[in-house]
Amino acid sequence: MPGTTDETPGGTRPALSRAVAVEPGKFAAAHWGKAPLLSRAGELAGPDGFADLLSPDAFDELLSRRGLRTPFLRVAQQGKVLPTARFTGGGGAGAEIGDQVIDDQVMRLYAEGATLVLQGLHRLWPPLIDYARQLGAELRRPLQVNAYLTPPGSQGFSTHYDTHDVFVLQVDGTKRWRLHEPVLADPLEKQAWGGHADEVGATAQGEPAMDVVLAPGDALYLPRGWLHSAEALGHRSLHLTIGVRALTRYAVVEELLALAAEDARLRATLPYAVDVSDPDAIEPELTETVEALRDWLTTVEPAEVATRLRARDWPSARPEPVSPLAQLDFAAGLGPDDHIRAREGLRWRLADDGPEHVVLRLVGRTLRFPASCAPALRIAFGPEPVRVGDLPLDDDADRLVLARRLLNEALIVPAR
């Protein structure tokens, strides 16, 4: 059984409701991967604005007090990313690492009109670590979170498109967004906008499909491929960009081709001395190959494809952080009355392994358990916390052994 659920942890409100002002079903049908959606602050659920996720003060703290290193900061000016040597150096005595962000140099560049981009905030800043994990669980997709601080009247990047979907959350100031329809629908990661720069530039000269100003608390959803540019207005602008990595049908094709290597007809050598540059010579080989591929595709089992997609998809998302010392202390002193819960965002699948064992498949590893542990494992990884003494095993000794192993493997955590 898969280790994901549509429920939000702890009964909290859905994370998506902070980013879109329509019901999830309507968003999925009308906008997801199809069309932009503007949501105004007054329409969104939860507190006004997004300053609880990242405020200007928090931005300052990250730049000056957290020992930030590249590539967690990019600096762009006049549409170009500046060399990191312009704003990094050693951290002083006892912290000689040479690529740490130098706050006064960053300040000078910003004052001269540069845009500052904090990258990977889903790994750095606790409120965004938590929010990104919850939103990623709801969308069942891995996320990345960047923050863009743009000086008044400045534009950090020229018109471009992204190869991932984007949620824009306006934190501070106002920013004007101009959107144009794609020049390449649903671009893959390897189809970056630079390969279509002329088309992008020409399209950007035309009338935008959407021209909006985002104020604090507003949100904008952009499907991958939509052209966009953004300009801060009369005040500095701070916004969050949440990038959602796509898993495409092309990925399914790639995995099918990998599996196709098992078919002898598709591994066959082309005829002796065939001229592959001659369309007439290659035509019968193409016909035979297409027929062989069509025949082979009818034999493919969905489980084979799912296994390969799992190996591709699961490593791109991280579960919630654990506190190593507290985790080990809790495991050492564990008792039947203690409560445990599944580690949020953990990717897992439980499967039979003969009559006497089950296997727990995780990212990069597989654990083996007696078959009698299967009901307890399903409960331990369920959506609700559980008392160790209530796990369905023969006695408390067995329950504690299983729970300690799961704690030491960082698969479950204390339920506080």
# chains A, B, ... in the order shown; residues from 1 in each chain; ligands from 1
>>> residues_around(residues="range 77-83 of chain A", least_positions_apart="2", cutoff="7 Å", atoms="only C-alpha atoms", output="PyMOL selection string")
chain A and resi 74-75+85-86+113-115+156-158
>>> residues_around(residues="Trp125 in chain A", least_positions_apart="5", cutoff="12 Å", atoms="only C-alpha atoms", output="PyMOL selection string")
chain A and resi 52-55+58-59+61-63+66+68+72+118-120+130-132+145-147+321
>>> residues_around(residues="Leu184 in chain A", least_positions_apart="2", cutoff="12 Å", atoms="only C-alpha atoms", output="NGL selection string")
:A and (160-163 or 180-182 or 186-188 or 191-197 or 199-200 or 203 or 223-227)
>>> residues_around(residues="Arg123 in chain A", least_positions_apart="4", cutoff="9 Å", atoms="only C-alpha atoms", output="ChimeraX atom specification")
/A:128-129,144-145
>>> residues_around(residues="Leu266 in chain A", least_positions_apart="4", cutoff="12 Å", atoms="only C-alpha atoms", output="PyMOL selection string")
chain A and resi 257-262+270+285-297
>>> write_last_selection(atoms="N, CA and C atoms", output="PDB file, in the first residue's frame")
ATOM      1  N   LEU A 257      10.841   2.639 -22.585  1.00  0.00           N
ATOM      2  CA  LEU A 257      11.983   2.352 -23.451  1.00  0.00           C
ATOM      3  C   LEU A 257      13.081   1.604 -22.681  1.00  0.00           C
ATOM      4  N   ALA A 258      13.257   1.970 -21.404  1.00  0.00           N
ATOM      5  CA  ALA A 258      14.240   1.256 -20.596  1.00  0.00           C
ATOM      6  C   ALA A 258      13.842  -0.210 -20.434  1.00  0.00           C
ATOM      7  N   LEU A 259      12.551  -0.448 -20.220  1.00  0.00           N
ATOM      8  CA  LEU A 259      12.080  -1.829 -20.103  1.00  0.00           C
ATOM      9  C   LEU A 259      12.154  -2.566 -21.436  1.00  0.00           C
ATOM     10  N   ALA A 260      12.040  -1.823 -22.536  1.00  0.00           N
ATOM     11  CA  ALA A 260      12.039  -2.454 -23.863  1.00  0.00           C
ATOM     12  C   ALA A 260      13.365  -3.127 -24.183  1.00  0.00           C
ATOM     13  N   ALA A 261      14.404  -2.799 -23.436  1.00  0.00           N
ATOM     14  CA  ALA A 261      15.699  -3.447 -23.667  1.00  0.00           C
ATOM     15  C   ALA A 261      15.640  -4.952 -23.408  1.00  0.00           C
ATOM     16  N   GLU A 262      14.588  -5.411 -22.742  1.00  0.00           N
ATOM     17  CA  GLU A 262      14.436  -6.840 -22.460  1.00  0.00           C
ATOM     18  C   GLU A 262      13.912  -7.614 -23.671  1.00  0.00           C
ATOM     19  N   LEU A 270      20.797  -4.076 -36.885  1.00  0.00           N
ATOM     20  CA  LEU A 270      20.336  -3.692 -38.217  1.00  0.00           C
ATOM     21  C   LEU A 270      21.116  -4.471 -39.278  1.00  0.00           C
ATOM     22  N   GLU A 285      13.336  -1.127 -41.888  1.00  0.00           N
ATOM     23  CA  GLU A 285      13.789  -1.348 -40.514  1.00  0.00           C
ATOM     24  C   GLU A 285      12.918  -0.562 -39.529  1.00  0.00           C
ATOM     25  N   LEU A 286      12.521   0.638 -39.933  1.00  0.00           N
ATOM     26  CA  LEU A 286      11.629   1.428 -39.091  1.00  0.00           C
ATOM     27  C   LEU A 286      10.285   0.734 -38.934  1.00  0.00           C
ATOM     28  N   THR A 287       9.768   0.202 -40.030  1.00  0.00           N
ATOM     29  CA  THR A 287       8.488  -0.504 -39.979  1.00  0.00           C
ATOM     30  C   THR A 287       8.571  -1.707 -39.052  1.00  0.00           C
ATOM     31  N   GLU A 288       9.636  -2.493 -39.185  1.00  0.00           N
ATOM     32  CA  GLU A 288       9.804  -3.675 -38.343  1.00  0.00           C
ATOM     33  C   GLU A 288       9.968  -3.295 -36.878  1.00  0.00           C
ATOM     34  N   THR A 289      10.699  -2.213 -36.633  1.00  0.00           N
ATOM     35  CA  THR A 289      10.915  -1.769 -35.248  1.00  0.00           C
ATOM     36  C   THR A 289       9.613  -1.306 -34.612  1.00  0.00           C
ATOM     37  N   VAL A 290       8.820  -0.540 -35.355  1.00  0.00           N
ATOM     38  CA  VAL A 290       7.547  -0.064 -34.830  1.00  0.00           C
ATOM     39  C   VAL A 290       6.622  -1.250 -34.527  1.00  0.00           C
ATOM     40  N   GLU A 291       6.609  -2.232 -35.415  1.00  0.00           N
ATOM     41  CA  GLU A 291       5.776  -3.421 -35.172  1.00  0.00           C
ATOM     42  C   GLU A 291       6.252  -4.178 -33.943  1.00  0.00           C
ATOM     43  N   ALA A 292       7.571  -4.323 -33.805  1.00  0.00           N
ATOM     44  CA  ALA A 292       8.109  -5.029 -32.640  1.00  0.00           C
ATOM     45  C   ALA A 292       7.782  -4.280 -31.356  1.00  0.00           C
ATOM     46  N   LEU A 293       7.910  -2.963 -31.414  1.00  0.00           N
ATOM     47  CA  LEU A 293       7.598  -2.156 -30.230  1.00  0.00           C
ATOM     48  C   LEU A 293       6.116  -2.262 -29.883  1.00  0.00           C
ATOM     49  N   ARG A 294       5.268  -2.223 -30.902  1.00  0.00           N
ATOM     50  CA  ARG A 294       3.821  -2.331 -30.652  1.00  0.00           C
ATOM     51  C   ARG A 294       3.485  -3.686 -30.020  1.00  0.00           C
ATOM     52  N   ASP A 295       4.081  -4.743 -30.546  1.00  0.00           N
ATOM     53  CA  ASP A 295       3.830  -6.075 -29.980  1.00  0.00           C
ATOM     54  C   ASP A 295       4.317  -6.147 -28.532  1.00  0.00           C
ATOM     55  N   TRP A 296       5.498  -5.596 -28.289  1.00  0.00           N
ATOM     56  CA  TRP A 296       6.058  -5.667 -26.926  1.00  0.00           C
ATOM     57  C   TRP A 296       5.217  -4.861 -25.938  1.00  0.00           C
ATOM     58  N   LEU A 297       4.712  -3.716 -26.366  1.00  0.00           N
ATOM     59  CA  LEU A 297       3.935  -2.869 -25.453  1.00  0.00           C
ATOM     60  C   LEU A 297       2.700  -3.577 -24.914  1.00  0.00           C
TER      61      LEU A 297
END
